[in-house]
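This report concerns only the one structure given below.
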Amino acid sequence: MNRRDVIPFPQGRDFDKARQARAAAKPKTDNRIVIREYDHIIFICTIMLVAFGLVMVLSASSYAAMHSGAGMYSFFTTQAFGAGLGFIGMVFAATINYKMVAKFSGLIFILALVTLGLVFTPLGIEFNGAMRWVSIGGFNFQPSELAKVAVIVAMATYIAKDTNRVNTIRGLFGCALIVGIPVVLVMLGRNLSTAIILVAIAFVMIFLASPYFWRFVALGATAVVGVAGYLLYEHLLGEGFRGARFGAWLDPFADPTGVGFQTVQSLYAVASGGLFGLGLGNSNQKLYYLPEAQNDFIFAIIVEELGLFGAMIVLTLFGILVWRGAMAAVNSRSVLGCLIGTGIVTMISVQVIINVGVVTNTIPNTGIPLPFISYGGTSIAVMMTAIGMLLNISRYRKT
């Protein structure tokens with residue numbers, strides 16, 4: 001081989017330049033945390049659901065509000081005020097880093113417990129046999145809504161500090177205290193629905209952090225069987241309002257004017273909707289047939305007025321919101337962000353599943369509002385603030 005045909009090995013500066021060129025040409029995996037734009041799909045879905053909820057609250061409540069003397073727009077005005085507060089909370093939570101919020105998790109948790117305790121003071125308001133509301137200076141709010149977010153943030157902070165905690169008895173005991181104290185307080189106020197949501201949130205967050213799959217499957221199955229057995233026991237003995245509701249779920253038409261009345265009227269509304277509904281504002285069941293139509297059973301009015309088509313649009317929006325929220329949580333580069341996002345997504349999805357299940361009599365009747373849509377200023381304000389936290393988490397994701 002001729003000496004001129006041999007390519008000389010680069011030396012000195014030429015060697016450094018060649019090494020830099022090879023390094024630049026070599027593909028790299030960038031694992032840095034990059035601050036990106038908010039997840040616009042989460043924001044758009046939330047605004048669409050809130051706007052749709054305002055329209056449906058006006059439609060479902062106008063007749064009852066007008067005949068109560070409070071004014072046709074009384075419920076709508078309260079809901080719009082709650083949505084306005086929620087929008088401010090959403091912007092605020094989306095702006096502040098979620099890790100900063102976690103630093104105050106203990107204070108938020110204590111504040112939630114204090115407000116839950118106020119329910120049992122003279123400030124508490126009893127409605128339909130349940131203690132769920134607090135009135136301060138003419139302003140009414142529901143502390144259990146704040147408790148949901150407080151448990152999410154406190155549980156996520158506790159687990160994120162040491163993920164091995166969920167693998168020890170001592171660590172699980174700490175988790176049980178975080179969720180157990182609020183559950184006891186809401187149960188004392190006869191608020192089983194919120195207790196179910198709190199337990200579901202905690203269960204999913206601990207399940208996500210633990211490597212033991214089948215243990216939690218067995219635990220969840222045991223809990224479901226235990227609750228079902230308890231309800232069936234009360235039903236067979238004919239004692240307790242929960243047993244009566246369980247019996248109404250098995251056969252609501254057995255007592256259509258008593259304990260099964262609300263379920264029967266809800267089924268009438270769903271059956272009347274057909275494919276495209278009776279038209280917006282044309283519901284018959286909201287004319288004092290379906291009690292408190294703007295609250296937990298507003299989905300029945302949606303189906304009656306907008307039909308299966310309208311119901312599918314609403315459920316699709318919820319599905320997209322949950323999907324994008326789950327992606328934001330999974331792609332978070334911190335355990336804390338992943339757990340907080342998971343808790344928020346669980347809170348929304350569980351409430352949607354239970355609410356739709358109750359309206360269609362798929363599960364026994366329990367008071368769960370439909371997120372962003374059911375009437376309730378506290379609920380919509382807290383939900384939108386939680387979405388703000390989810391938006392913030394979506395900014396700090398993998399590149």
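Simple scheme: letters A, B, ... for chains in structure tokens order, numbers from 1 for residues in each chain, numbers from 1 for ligands in the order shown.
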
Shell of 6 Å around Val270 in chain A, only C-alpha atoms, local chain residues under 6 positions omitted, as a VMD selection string:
chain A and resid 300 303 to 304

Using DSSP assignments from the backbone, pull out every residue in range 53-161 of chain A that falls under alpha helix (DSSP H) and give it to me as a count of residues only.
77

Taking only C-alpha atoms into account, produce a table as a tab-separated table in which each residue of range 153-175 of chain A with an atom at most 12 Å from an atom of range 75-98 of chain A appears once, together with its shortest atom pair and the distance in Å to one decimal, ordered by chain and rising number.
residue	atom	partner	partner_atom	distance
A:Val153	CA	A:Tyr98	CA	9.4
A:Ala156	CA	A:Tyr98	CA	11.1
A:Thr157	CA	A:Tyr98	CA	10.7

Val186 in chain A surroundings by only C-alpha atoms, 10 Å radius, close-in-sequence under 6 positions cut, as JSON, numbers by chain:
{"A": [113, 116, 117, 119, 130, 131, 132, 143, 144, 147, 192, 193, 194, 195, 198]}

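CA of Gln351 in chain A is found 18.2 Å from CA of Ala223 in chain A.
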
Kindly indicate which residue among A:Leu54, A:Val259, A:Val314, A:Leu280 lies nearest to Phe246 in chain A, using only C-alpha atoms for the distances.
A:Val259

Selection: 9 Å around Pro252 in chain A, only C-alpha atoms, excl. self and same-chain fewer than 2 positions, as a PyMOL selection string
chain A and resi 245+247-250+254-256+259-264+361

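Of the residues under consideration (A:Met56, A:Val322, A:Cys338, A:Met347), A:Met347 shows the shortest atom-to-atom contact distance to Ile201 in chain A when counting only C-alpha atoms.
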
Find the residues around Leu172 in chain A up to 10 Å (only C-alpha atoms counted), leave out those fewer than 6 positions away in its own chain, and share them as an mmCIF file with N, CA and C atoms, in the first residue's frame.
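Once written, out.cif looks like this:
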data_model
loop_
_atom_site.group_PDB
_atom_site.id
_atom_site.type_symbol
_atom_site.label_atom_id
_atom_site.label_comp_id
_atom_site.auth_asym_id
_atom_site.auth_seq_id
_atom_site.Cartn_x
_atom_site.Cartn_y
_atom_site.Cartn_z
ATOM 1 N N ILE A 159 -45.333 10.017 50.660
ATOM 2 C CA ILE A 159 -44.750 8.885 49.929
ATOM 3 C C ILE A 159 -43.501 9.304 49.167
ATOM 4 N N ASN A 164 -40.094 3.828 49.824
ATOM 5 C CA ASN A 164 -40.086 2.523 50.496
ATOM 6 C C ASN A 164 -41.086 2.461 51.647
ATOM 7 N N ARG A 165 -41.664 3.599 52.004
ATOM 8 C CA ARG A 165 -42.625 3.607 53.101
ATOM 9 C C ARG A 165 -43.833 2.713 52.824
ATOM 10 N N VAL A 166 -44.236 2.643 51.559
ATOM 11 C CA VAL A 166 -45.418 1.844 51.221
ATOM 12 C C VAL A 166 -45.127 0.360 51.297
ATOM 13 N N ILE A 178 -53.247 9.430 57.305
ATOM 14 C CA ILE A 178 -53.507 10.576 56.433
ATOM 15 C C ILE A 178 -54.906 10.505 55.838
ATOM 16 N N ILE A 206 -51.200 4.702 46.678
ATOM 17 C CA ILE A 206 -50.331 3.712 47.317
ATOM 18 C C ILE A 206 -50.033 2.562 46.360
#

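Pairwise distance (CA of Thr115 in chain A, CA of Phe141 in chain A) equals 9.6 Å.
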
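Across A:Phe318, A:Gly189, A:Arg170, A:Asn365, the tightest approach to Ser349 in chain A is made by A:Phe318 when counting only C-alpha atoms.
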
One decimal, Å: what's the distance from CA of Tyr158 in chain A over to CA of Glu145 in chain A, could you say?
20.5 Å

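Proximity of A:Val217, A:Ala311, A:Ala154, A:Leu321 to Gly273 in chain A, computed with only C-alpha atoms, is greatest for A:Ala311.
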
Could you name the residues that touch Ala65 in chain A at 12 Å or less, counting only C-alpha atoms, but leaving out those on the same chain fewer than 3 positions away, as JSON, numbers by chain?
{"A": [57, 58, 59, 60, 61, 62, 68, 69, 70, 71, 72, 73, 74, 75, 76, 77, 78, 286, 287, 288, 292, 293, 294]}

For range 298-359 of chain A against range 388-396 of chain A, with a cut-off of 10 Å and counting only C-alpha atoms, what is the closest atom pair and its distance in Å to one decimal for every residue that makes the cut, ordered by chain and number, as CSV?
residue,atom,partner,partner_atom,distance
A:Arg324,CA,A:Ser394,CA,9.0
A:Gly325,CA,A:Leu390,CA,6.7
A:Ala326,CA,A:Leu390,CA,9.5
A:Met327,CA,A:Ser394,CA,8.4
A:Ala328,CA,A:Ser394,CA,4.8
A:Ala329,CA,A:Ile393,CA,7.1
A:Val330,CA,A:Ser394,CA,9.7
A:Asn331,CA,A:Ser394,CA,8.0
A:Ser332,CA,A:Tyr396,CA,6.2
A:Arg333,CA,A:Tyr396,CA,6.9
A:Ser334,CA,A:Tyr396,CA,8.7
A:Leu336,CA,A:Ile393,CA,9.5
A:Gly337,CA,A:Ile393,CA,5.9
A:Cys338,CA,A:Ile393,CA,8.1
A:Ile340,CA,A:Leu390,CA,7.9
A:Gly341,CA,A:Leu390,CA,5.8
A:Thr342,CA,A:Leu390,CA,9.2
A:Gly343,CA,A:Leu390,CA,9.9
A:Ile344,CA,A:Leu390,CA,7.4
A:Val345,CA,A:Leu390,CA,8.6
